[in-house]
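Raw start.cif, mmCIF, C-alpha atoms:
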data_input
loop_
_atom_site.group_PDB
_atom_site.id
_atom_site.type_symbol
_atom_site.label_atom_id
_atom_site.label_comp_id
_atom_site.auth_asym_id
_atom_site.auth_seq_id
_atom_site.Cartn_x
_atom_site.Cartn_y
_atom_site.Cartn_z
ATOM 1 C CA MET A 1 -80.196 -24.115 47.160
ATOM 2 C CA ALA A 2 -83.070 -25.969 45.747
ATOM 3 C CA ARG A 3 -84.160 -25.449 42.204
ATOM 4 C CA LEU A 4 -81.602 -22.781 41.526
ATOM 5 C CA ASN A 5 -78.974 -23.345 38.918
ATOM 6 C CA ASP A 6 -75.825 -23.956 40.956
ATOM 7 C CA ASP A 7 -73.422 -24.389 38.032
ATOM 8 C CA ALA A 8 -71.549 -21.200 38.875
ATOM 9 C CA GLN A 9 -70.043 -22.574 42.068
ATOM 10 C CA TRP A 10 -66.811 -23.254 40.197
ATOM 11 C CA ILE A 11 -66.598 -19.638 39.140
ATOM 12 C CA ILE A 12 -67.014 -18.485 42.725
ATOM 13 C CA LEU A 13 -64.373 -20.957 43.871
ATOM 14 C CA MET A 14 -61.953 -19.696 41.237
ATOM 15 C CA GLY A 15 -62.745 -16.156 42.333
ATOM 16 C CA PHE A 16 -61.663 -17.049 45.851
ATOM 17 C CA LEU A 17 -58.492 -18.656 44.556
ATOM 18 C CA VAL A 18 -57.580 -15.613 42.498
ATOM 19 C CA SER A 19 -58.219 -13.210 45.337
ATOM 20 C CA PHE A 20 -56.036 -15.288 47.658
ATOM 21 C CA SER A 21 -53.232 -15.280 45.101
ATOM 22 C CA PHE A 22 -53.551 -11.493 44.851
ATOM 23 C CA PHE A 23 -53.189 -11.348 48.604
ATOM 24 C CA PHE A 24 -49.945 -13.333 48.538
ATOM 25 C CA LEU A 25 -48.552 -11.312 45.619
ATOM 26 C CA ALA A 26 -49.255 -8.167 47.609
ATOM 27 C CA ILE A 27 -47.323 -9.603 50.550
ATOM 28 C CA VAL A 28 -44.352 -10.334 48.274
ATOM 29 C CA VAL A 29 -44.317 -6.804 46.854
ATOM 30 C CA ASN A 30 -44.658 -5.412 50.356
ATOM 31 C CA GLN A 31 -41.711 -7.405 51.679
ATOM 32 C CA SER A 32 -39.404 -6.302 48.874
ATOM 33 C CA THR A 33 -39.216 -2.800 50.353
ATOM 34 C CA VAL A 34 -37.904 -4.140 53.642
ATOM 35 C CA VAL A 35 -35.382 -6.419 51.963
ATOM 36 C CA GLY A 36 -33.870 -3.645 49.842
ATOM 37 C CA GLN A 37 -33.602 -1.291 52.777
ATOM 38 C CA THR A 38 -31.847 -3.600 55.209
ATOM 39 C CA THR A 39 -29.343 -4.913 52.653
ATOM 40 C CA ALA A 40 -28.371 -1.468 51.456
ATOM 41 C CA GLU A 41 -28.153 -0.173 55.011
ATOM 42 C CA SER A 42 -25.968 -2.974 56.253
ATOM 43 C CA VAL A 43 -23.660 -2.520 53.289
ATOM 44 C CA ILE A 44 -23.371 1.211 53.846
ATOM 45 C CA GLU A 45 -22.906 0.758 57.583
ATOM 46 C CA PHE A 46 -19.874 -1.490 57.249
ATOM 47 C CA PRO A 47 -16.833 0.830 57.401
ATOM 48 C CA LYS A 48 -14.882 -0.847 54.619
ATOM 49 C CA ASN A 49 -13.324 2.339 53.310
ATOM 50 C CA ASP A 50 -12.528 3.627 56.785
ATOM 51 C CA ILE A 51 -10.668 0.486 57.792
ATOM 52 C CA ARG A 52 -8.760 0.258 54.524
ATOM 53 C CA ASP A 53 -7.827 3.897 54.723
ATOM 54 C CA ILE A 54 -6.672 3.828 58.329
ATOM 55 C CA ARG A 55 -4.665 0.669 57.631
ATOM 56 C CA ASP A 56 -3.099 2.270 54.578
ATOM 57 C CA VAL A 57 -2.038 5.447 56.340
ATOM 58 C CA ILE A 58 -0.586 3.604 59.321
ATOM 59 C CA ILE A 59 1.343 1.046 57.279
ATOM 60 C CA ARG A 60 2.712 3.596 54.854
ATOM 61 C CA ASN A 61 3.996 5.715 57.711
ATOM 62 C CA THR A 62 5.630 3.127 59.919
ATOM 63 C CA THR A 63 8.970 4.560 58.867
ATOM 64 C CA LEU A 64 8.344 8.077 60.155
ATOM 65 C CA SER A 65 11.008 9.199 62.566
ATOM 66 C CA ASN A 66 8.531 10.831 64.919
ATOM 67 C CA GLN A 67 5.200 9.072 65.322
ATOM 68 C CA THR A 68 3.877 11.106 68.252
ATOM 69 C CA ALA A 69 2.113 13.881 66.356
ATOM 70 C CA VAL A 70 0.730 11.620 63.633
ATOM 71 C CA LYS A 71 -0.576 9.151 66.199
ATOM 72 C CA SER A 72 -2.344 11.854 68.169
ATOM 73 C CA ASP A 73 -3.762 13.230 64.914
ATOM 74 C CA ILE A 74 -5.166 9.878 63.851
ATOM 75 C CA ARG A 75 -6.662 9.176 67.262
ATOM 76 C CA ALA A 76 -8.250 12.589 67.735
ATOM 77 C CA ILE A 77 -9.602 12.976 64.202
ATOM 78 C CA SER A 78 -10.932 9.408 64.061
ATOM 79 C CA MET A 79 -12.816 10.005 67.270
ATOM 80 C CA SER A 80 -14.354 13.318 66.287
ATOM 81 C CA ARG A 81 -14.955 12.849 62.547
ATOM 82 C CA LYS A 82 -15.448 9.088 62.252
ATOM 83 C CA ASN A 83 -16.819 8.143 65.680
ATOM 84 C CA ALA A 84 -14.200 5.412 65.823
ATOM 85 C CA VAL A 85 -11.626 4.495 68.399
ATOM 86 C CA VAL A 86 -8.337 3.964 66.605
ATOM 87 C CA ASP A 87 -5.066 3.052 68.212
ATOM 88 C CA TYR A 88 -1.855 1.648 66.862
ATOM 89 C CA ASP A 89 1.685 0.867 67.886
ATOM 90 C CA VAL A 90 4.734 0.733 65.687
ATOM 91 C CA TYR A 91 7.584 -1.460 66.890
ATOM 92 C CA PRO A 92 11.307 -1.051 66.215
ATOM 93 C CA ASP A 93 11.196 -3.712 63.484
ATOM 94 C CA LYS A 94 8.573 -1.543 61.699
ATOM 95 C CA SER A 95 5.768 -3.976 62.387
ATOM 96 C CA ALA A 96 2.529 -2.495 63.636
ATOM 97 C CA ASP A 97 -0.478 -3.363 65.766
ATOM 98 C CA ILE A 98 -3.619 -1.719 64.407
ATOM 99 C CA HIS A 99 -6.874 -1.471 66.325
ATOM 100 C CA TYR A 100 -10.122 -0.050 65.018
ATOM 101 C CA ASN A 101 -13.507 -0.018 66.733
ATOM 102 C CA ASN A 102 -16.509 2.105 65.856
ATOM 103 C CA GLY A 103 -18.904 0.450 68.258
ATOM 104 C CA VAL A 104 -20.378 -1.868 65.642
ATOM 105 C CA THR A 105 -17.363 -3.151 63.771
ATOM 106 C CA GLU A 106 -14.065 -4.067 65.340
ATOM 107 C CA TYR A 107 -10.850 -4.670 63.437
ATOM 108 C CA ASN A 108 -7.473 -5.723 64.808
ATOM 109 C CA GLU A 109 -4.376 -6.496 62.838
ATOM 110 C CA ASN A 110 -0.781 -7.310 63.507
ATOM 111 C CA TRP A 111 1.091 -6.189 60.453
ATOM 112 C CA THR A 112 4.662 -7.154 59.667
ATOM 113 C CA PRO A 113 6.670 -5.829 56.735
ATOM 114 C CA ARG A 114 7.805 -8.436 54.232
ATOM 115 C CA MET B 1 -85.761 -11.481 30.378
ATOM 116 C CA VAL B 2 -85.674 -12.170 26.748
ATOM 117 C CA SER B 3 -84.859 -15.621 25.711
ATOM 118 C CA GLY B 4 -81.392 -16.438 24.496
ATOM 119 C CA ASP B 5 -79.438 -14.651 27.233
ATOM 120 C CA GLY B 6 -77.723 -17.779 28.436
ATOM 121 C CA GLY B 7 -74.325 -16.451 27.350
ATOM 122 C CA GLN B 8 -74.290 -13.378 29.621
ATOM 123 C CA LEU B 9 -72.559 -15.218 32.429
ATOM 124 C CA TYR B 10 -69.804 -16.280 30.066
ATOM 125 C CA THR B 11 -69.351 -12.700 28.951
ATOM 126 C CA ILE B 12 -69.010 -11.502 32.540
ATOM 127 C CA GLU B 13 -66.573 -14.276 33.295
ATOM 128 C CA GLY B 14 -64.569 -13.385 30.214
ATOM 129 C CA VAL B 15 -64.334 -9.727 31.265
ATOM 130 C CA ALA B 16 -63.339 -10.705 34.809
ATOM 131 C CA ALA B 17 -60.686 -13.085 33.539
ATOM 132 C CA GLY B 18 -59.326 -10.379 31.250
ATOM 133 C CA LEU B 19 -59.057 -7.941 34.139
ATOM 134 C CA ILE B 20 -57.311 -10.544 36.277
ATOM 135 C CA MET B 21 -54.798 -11.243 33.514
ATOM 136 C CA ILE B 22 -54.057 -7.554 33.074
ATOM 137 C CA MET B 23 -53.601 -7.109 36.825
ATOM 138 C CA THR B 24 -51.280 -10.101 37.009
ATOM 139 C CA ALA B 25 -49.178 -8.845 34.121
ATOM 140 C CA TYR B 26 -48.995 -5.427 35.822
ATOM 141 C CA LEU B 27 -47.838 -6.980 39.103
ATOM 142 C CA VAL B 28 -45.234 -9.136 37.394
ATOM 143 C CA VAL B 29 -43.771 -6.259 35.395
ATOM 144 C CA ASN B 30 -43.848 -3.969 38.401
ATOM 145 C CA ALA B 31 -42.179 -6.412 40.780
ATOM 146 C CA THR B 32 -38.802 -6.094 39.051
ATOM 147 C CA SER B 33 -38.791 -2.317 39.154
ATOM 148 C CA VAL B 34 -40.046 -1.508 42.634
ATOM 149 C CA TYR B 35 -38.019 1.496 43.772
ATOM 150 C CA THR B 36 -38.178 1.504 47.525
ATOM 151 C CA ALA B 37 -36.994 4.053 50.023
ATOM 152 C CA GLY B 38 -34.105 1.749 50.831
ATOM 153 C CA ASP B 39 -32.826 1.799 47.287
ATOM 154 C CA THR B 40 -31.628 5.392 47.597
ATOM 155 C CA HIS B 41 -28.815 3.950 49.706
ATOM 156 C CA ILE B 42 -27.546 2.148 46.622
ATOM 157 C CA ASN B 43 -27.061 5.436 44.770
ATOM 158 C CA ASP B 44 -25.370 6.918 47.818
ATOM 159 C CA MET B 45 -23.094 3.922 48.039
ATOM 160 C CA GLN B 46 -22.056 4.224 44.398
ATOM 161 C CA LEU B 47 -21.286 7.899 44.873
ATOM 162 C CA GLU B 48 -19.274 7.175 48.002
ATOM 163 C CA VAL B 49 -17.243 4.474 46.261
ATOM 164 C CA LEU B 50 -16.596 6.808 43.339
ATOM 165 C CA GLY B 51 -15.344 9.559 45.640
ATOM 166 C CA SER B 52 -13.209 7.201 47.718
ATOM 167 C CA ASP B 53 -11.617 5.794 44.590
ATOM 168 C CA ALA B 54 -10.893 9.245 43.203
ATOM 169 C CA LEU B 55 -9.300 10.305 46.491
ATOM 170 C CA LYS B 56 -7.344 7.056 46.625
ATOM 171 C CA MET B 57 -5.923 7.725 43.173
ATOM 172 C CA MET B 58 -4.928 11.223 44.197
ATOM 173 C CA GLY B 59 -3.381 9.913 47.414
ATOM 174 C CA THR B 60 -1.201 7.379 45.646
ATOM 175 C CA PRO B 61 2.318 8.577 44.813
ATOM 176 C CA ALA B 62 3.337 8.333 41.176
ATOM 177 C CA ASN B 63 6.370 6.283 42.102
ATOM 178 C CA ILE B 64 5.354 4.068 44.971
ATOM 179 C CA THR B 65 8.194 2.465 46.834
ATOM 180 C CA MET B 66 8.194 1.626 50.503
ATOM 181 C CA ASN B 67 10.174 3.946 52.747
ATOM 182 C CA SER B 68 10.253 6.716 50.170
ATOM 183 C CA VAL B 69 8.790 10.146 50.700
ATOM 184 C CA ASP B 70 5.123 10.159 49.750
ATOM 185 C CA ASN B 71 4.747 12.816 47.086
ATOM 186 C CA SER B 72 1.178 12.099 46.093
ATOM 187 C CA THR B 73 -0.925 14.740 44.398
ATOM 188 C CA LEU B 74 -3.114 15.058 47.458
ATOM 189 C CA ARG B 75 -0.153 15.641 49.744
ATOM 190 C CA THR B 76 1.272 18.305 47.462
ATOM 191 C CA ILE B 77 -2.116 20.025 47.270
ATOM 192 C CA ILE B 78 -2.505 20.231 51.039
ATOM 193 C CA GLU B 79 1.061 21.236 51.698
ATOM 194 C CA SER B 80 0.760 24.118 49.236
ATOM 195 C CA ASN B 81 -2.951 24.940 49.826
ATOM 196 C CA ASP B 82 -3.547 24.473 46.110
ATOM 197 C CA GLY B 83 -7.324 24.436 45.709
ATOM 198 C CA ASN B 84 -7.136 24.931 41.950
ATOM 199 C CA LYS B 85 -5.033 21.848 41.506
ATOM 200 C CA PHE B 86 -7.482 19.857 43.622
ATOM 201 C CA ASN B 87 -10.328 20.951 41.408
ATOM 202 C CA ALA B 88 -8.356 20.262 38.225
ATOM 203 C CA THR B 89 -7.618 16.707 39.391
ATOM 204 C CA PHE B 90 -10.683 15.679 41.367
ATOM 205 C CA PHE B 91 -13.475 17.088 39.230
ATOM 206 C CA PRO B 92 -12.531 15.190 36.033
ATOM 207 C CA LEU B 93 -11.953 12.015 38.057
ATOM 208 C CA ILE B 94 -15.514 11.912 39.332
ATOM 209 C CA ASN B 95 -17.177 13.336 36.228
ATOM 210 C CA ASN B 96 -15.474 11.841 33.198
ATOM 211 C CA ARG B 97 -17.781 9.237 31.755
ATOM 212 C CA THR B 98 -18.276 7.711 28.389
ATOM 213 C CA LEU B 99 -21.724 9.155 28.055
ATOM 214 C CA GLN B 100 -21.833 12.762 29.117
ATOM 215 C CA GLU B 101 -25.426 13.661 29.876
ATOM 216 C CA SER B 102 -25.518 17.346 28.955
ATOM 217 C CA ASP B 103 -24.312 19.235 32.031
ATOM 218 C CA ARG B 104 -25.392 17.033 34.889
ATOM 219 C CA PHE B 105 -22.218 16.863 36.918
ATOM 220 C CA ILE B 106 -21.400 15.532 40.340
ATOM 221 C CA GLN B 107 -20.610 18.529 42.488
ATOM 222 C CA TYR B 108 -18.406 18.538 45.550
ATOM 223 C CA THR B 109 -16.984 20.622 48.326
ATOM 224 C CA ALA B 110 -13.676 19.629 49.890
ATOM 225 C CA SER B 111 -11.976 20.403 53.167
ATOM 226 C CA TYR B 112 -9.383 18.853 55.397
ATOM 227 C CA THR B 113 -9.504 18.308 59.131
ATOM 228 C CA TYR B 114 -6.512 18.565 61.420
ATOM 229 C CA ARG B 115 -5.932 18.273 65.131
ATOM 230 C CA TYR B 116 -5.604 21.557 66.978
ATOM 231 C CA GLY B 117 -4.191 21.439 70.479
ATOM 232 C CA VAL B 118 -4.585 18.231 72.429
ATOM 233 C CA ASP B 119 -7.901 16.784 71.334
ATOM 234 C CA SER B 120 -9.881 19.342 69.370
ATOM 235 C CA VAL B 121 -10.082 19.411 65.598
ATOM 236 C CA ASN B 122 -10.411 22.149 63.008
ATOM 237 C CA SER B 123 -11.389 22.052 59.367
ATOM 238 C CA THR B 124 -9.871 24.079 56.560
ATOM 239 C CA PHE B 125 -11.693 24.620 53.301
ATOM 240 C CA ILE B 126 -9.812 23.463 50.201
ATOM 241 C CA THR B 127 -12.112 24.162 47.280
ATOM 242 C CA SER B 128 -15.550 23.404 45.900
ATOM 243 C CA SER B 129 -17.189 23.106 42.520
ATOM 244 C CA ARG B 130 -20.340 24.752 43.825
ATOM 245 C CA ASN B 131 -21.434 26.320 47.076
ATOM 246 C CA LEU B 132 -23.313 24.124 49.506
ATOM 247 C CA THR B 133 -26.740 25.580 50.171
ATOM 248 C CA GLY B 134 -27.934 22.956 52.624
ATOM 249 C CA GLY B 135 -30.591 21.419 50.439
ATOM 250 C CA GLU B 136 -28.307 18.924 48.759
ATOM 251 C CA HIS B 137 -28.323 15.252 49.563
ATOM 252 C CA THR B 138 -24.622 14.806 50.139
ATOM 253 C CA VAL B 139 -22.401 11.778 50.543
ATOM 254 C CA ARG B 140 -19.054 11.924 52.314
ATOM 255 C CA ALA B 141 -15.792 10.394 51.133
ATOM 256 C CA THR B 142 -12.608 10.713 53.150
ATOM 257 C CA LYS B 143 -8.910 10.015 52.831
ATOM 258 C CA TRP B 144 -6.079 10.141 55.339
ATOM 259 C CA VAL B 145 -2.964 11.972 54.238
ATOM 260 C CA VAL B 146 0.282 12.491 56.080
ATOM 261 C CA VAL B 147 1.682 15.921 55.299
ATOM 262 C CA ASN B 148 4.842 17.712 56.227
ATOM 263 C CA LYS B 149 3.461 21.103 57.073
ATOM 264 C CA GLN B 150 3.172 23.723 59.755
ATOM 265 C CA LEU B 151 -0.475 23.585 60.758
ATOM 266 C CA PRO B 152 -2.095 26.282 62.919
ATOM 267 C CA GLY B 153 -1.027 25.746 66.510
ATOM 268 C CA ASP B 154 2.272 24.175 65.507
ATOM 269 C CA SER B 155 5.584 25.847 66.163
ATOM 270 C CA MET B 156 7.402 24.162 63.299
ATOM 271 C CA VAL B 157 7.029 22.106 60.152
ATOM 272 C CA GLN B 158 6.470 18.479 61.059
ATOM 273 C CA ASP B 159 4.750 15.295 59.901
ATOM 274 C CA ARG B 160 1.040 15.469 60.616
ATOM 275 C CA ALA B 161 -1.891 13.301 59.632
ATOM 276 C CA VAL B 162 -4.903 15.149 58.238
ATOM 277 C CA LEU B 163 -8.225 13.836 57.007
ATOM 278 C CA VAL B 164 -9.368 15.078 53.610
ATOM 279 C CA GLU B 165 -13.166 15.160 53.535
ATOM 280 C CA VAL B 166 -15.209 15.593 50.386
ATOM 281 C CA LEU B 167 -18.962 16.073 50.329
ATOM 282 C CA MET B 168 -20.419 15.070 46.990
ATOM 283 C CA TRP B 169 -23.882 15.342 45.528
ATOM 284 C CA ARG B 170 -25.582 14.827 42.204
ATOM 285 C CA ASP B 171 -26.614 18.059 40.641
#
Please express what this file holds, its structure, as structure tokens.
Amino acid sequence: MARLNDDAQWIILMGFLVSFSFFFLAIVVNQSTVVGQTTAESVIEFPKNDIRDIRDVIIRNTTLSNQTAVKSDIRAISMSRKNAVVDYDVYPDKSADIHYNNGVTEYNENWTPR
Amino acid sequence: MVSGDGGQLYTIEGVAAGLIMIMTAYLVVNATSVYTAGDTHINDMQLEVLGSDALKMMGTPANITMNSVDNSTLRTIIESNDGNKFNATFFPLINNRTLQESDRFIQYTASYTYRYGVDSVNSTFITSSRNLTGGEHTVRATKWVVVNKQLPGDSMVQDRAVLVEVLMWRD
């Protein structure tokens, strides 16, 4: 603009720069909420303890003389309390096939005693 | 305007720059300590791991050899319905810390679930450190135990698998 002192244009330009950087910082802070939530949720959703526990109880009891009741127990309780389909077979050499599926995570193992 | 006010613009700029610096410092400091809704899961996870570990310790026999009879603490407790022993073992396991913050304990209520009939399940209360009122934010930890016991609906003592379930919450 004619005859006005236009020295302050730099200040205005810097003002724009600063406000844009604020905008990007705000985006970063905003995204951090989403990141924390999904990581924590996916960690808590993975049934690490369930699989370890079911594996432990099956392997430790491959030597039971009568598997029928225990097997029905594990299948029924897993379904109703853990929402997981669990099935296993123990063979005469005490090896075992273990299957676990809760709809999201599936785990299969063929275990043989050493 | 009086003469000699040429510095006013610099003053305003100085104040604005100061404000911007303070805001930036605030954002930087705050960014490391943003506590989001998702972060509550981390506390839950820690509590769940603590409970699972405590139950795992109780479910491990003192003398662990393959093919031997599992005489873990947890098995003994369920076979003899010993709620007091459960409390005496489990409560210190989840609450003993180096720094004891006055009386803020982790509370729990424990039960075990067994199969009744063909496919239905029942739960039996074991013990609790405090009654559940419904307002607590609880986390569940579980452990499978094979017991040699006559459960309701059984005609004799036999090997059965039961699921020990513990609900825990910070008081």
As an exercise, work out the distance from atom CA of B:Thr40 to atom CA of B:Val164 in Å and give it to one decimal place.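 Between atom CA of B:Thr40 and atom CA of B:Val164 the gap is 25.0 Å.
Distances here use all atoms listed in the file; by that measure, the residue among A:Ala96, A:Leu17, A:Ile77, A:Ala84 closest to chain B is A:Ile77.
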Separation of atom CA of B:Lys85 from atom CA of B:Leu167, in Å and rounded to one decimal: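 Taking atom CA of B:Lys85 as the start and atom CA of B:Leu167 as the end point, the length is 17.5 Å.
Minimum distance to chain B across A:Asn83, A:Ser65, A:Asn110, A:Ser95 (counting only C-alpha atoms) occurs at A:Ser65.
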Give as an NGL selection string the residues that the PyMOL selection byres ((chain A) within 10 of (chain B)) matches when applied to the coordinates above. :A and (8 or 11 or 15 or 18-19 or 21-22 or 25-26 or 28-30 or 32-44 or 49-50 or 52-82 or 113)
Could you tell me which residues the PyMOL selection byres ((chain B and resi 108) around 12) grabs in this file, written as number ranges by chain? B: 47-48, 51, 86-87, 90-95, 105-107, 109-111, 125-133, 136-141, 165-171
Write a file of the selected residues as a short mmCIF file (atom, residue, chain, number, x, y, z; two decimals), in the coordinates of the input, keeping C-alpha atoms.
data_model
loop_
_atom_site.label_atom_id
_atom_site.label_comp_id
_atom_site.auth_asym_id
_atom_site.auth_seq_id
_atom_site.Cartn_x
_atom_site.Cartn_y
_atom_site.Cartn_z
CA LEU B 47 -21.29 7.90 44.87
CA GLU B 48 -19.27 7.18 48.00
CA GLY B 51 -15.34 9.56 45.64
CA PHE B 86 -7.48 19.86 43.62
CA ASN B 87 -10.33 20.95 41.41
CA PHE B 90 -10.68 15.68 41.37
CA PHE B 91 -13.48 17.09 39.23
CA PRO B 92 -12.53 15.19 36.03
CA LEU B 93 -11.95 12.02 38.06
CA ILE B 94 -15.51 11.91 39.33
CA ASN B 95 -17.18 13.34 36.23
CA PHE B 105 -22.22 16.86 36.92
CA ILE B 106 -21.40 15.53 40.34
CA GLN B 107 -20.61 18.53 42.49
CA THR B 109 -16.98 20.62 48.33
CA ALA B 110 -13.68 19.63 49.89
CA SER B 111 -11.98 20.40 53.17
CA PHE B 125 -11.69 24.62 53.30
CA ILE B 126 -9.81 23.46 50.20
CA THR B 127 -12.11 24.16 47.28
CA SER B 128 -15.55 23.40 45.90
CA SER B 129 -17.19 23.11 42.52
CA ARG B 130 -20.34 24.75 43.82
CA ASN B 131 -21.43 26.32 47.08
CA LEU B 132 -23.31 24.12 49.51
CA THR B 133 -26.74 25.58 50.17
CA GLU B 136 -28.31 18.92 48.76
CA HIS B 137 -28.32 15.25 49.56
CA THR B 138 -24.62 14.81 50.14
CA VAL B 139 -22.40 11.78 50.54
CA ARG B 140 -19.05 11.92 52.31
CA ALA B 141 -15.79 10.39 51.13
CA GLU B 165 -13.17 15.16 53.54
CA VAL B 166 -15.21 15.59 50.39
CA LEU B 167 -18.96 16.07 50.33
CA MET B 168 -20.42 15.07 46.99
CA TRP B 169 -23.88 15.34 45.53
CA ARG B 170 -25.58 14.83 42.20
CA ASP B 171 -26.61 18.06 40.64
#
Atom-to-atom span, atom CA of B:Ala88 and atom CA of B:Ala54, Å: 12.4 Å
Under the rule that all atoms listed in the file are counted, which of A:Asp7, A:Lys48, A:Phe20, A:Thr112 is the nearest residue to A:Asp93?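 When distances to A:Asp93 are compared using all atoms listed in the file, the smallest one comes from A:Thr112.
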Compile the contact shell of A:Ile51 as a PyMOL selection string: residues with an atom at most 10 Å away, counting all atoms listed in the file, same-chain residues fewer than 6 positions apart removed. chain A and resi 86+98-101+105-108
Kindly indicate which residue among A:Trp111, A:Phe24, A:Gln31, A:Phe46 lies nearest to A:Val90, using all atoms listed in the file for the distances.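 Closest candidate: A:Trp111.
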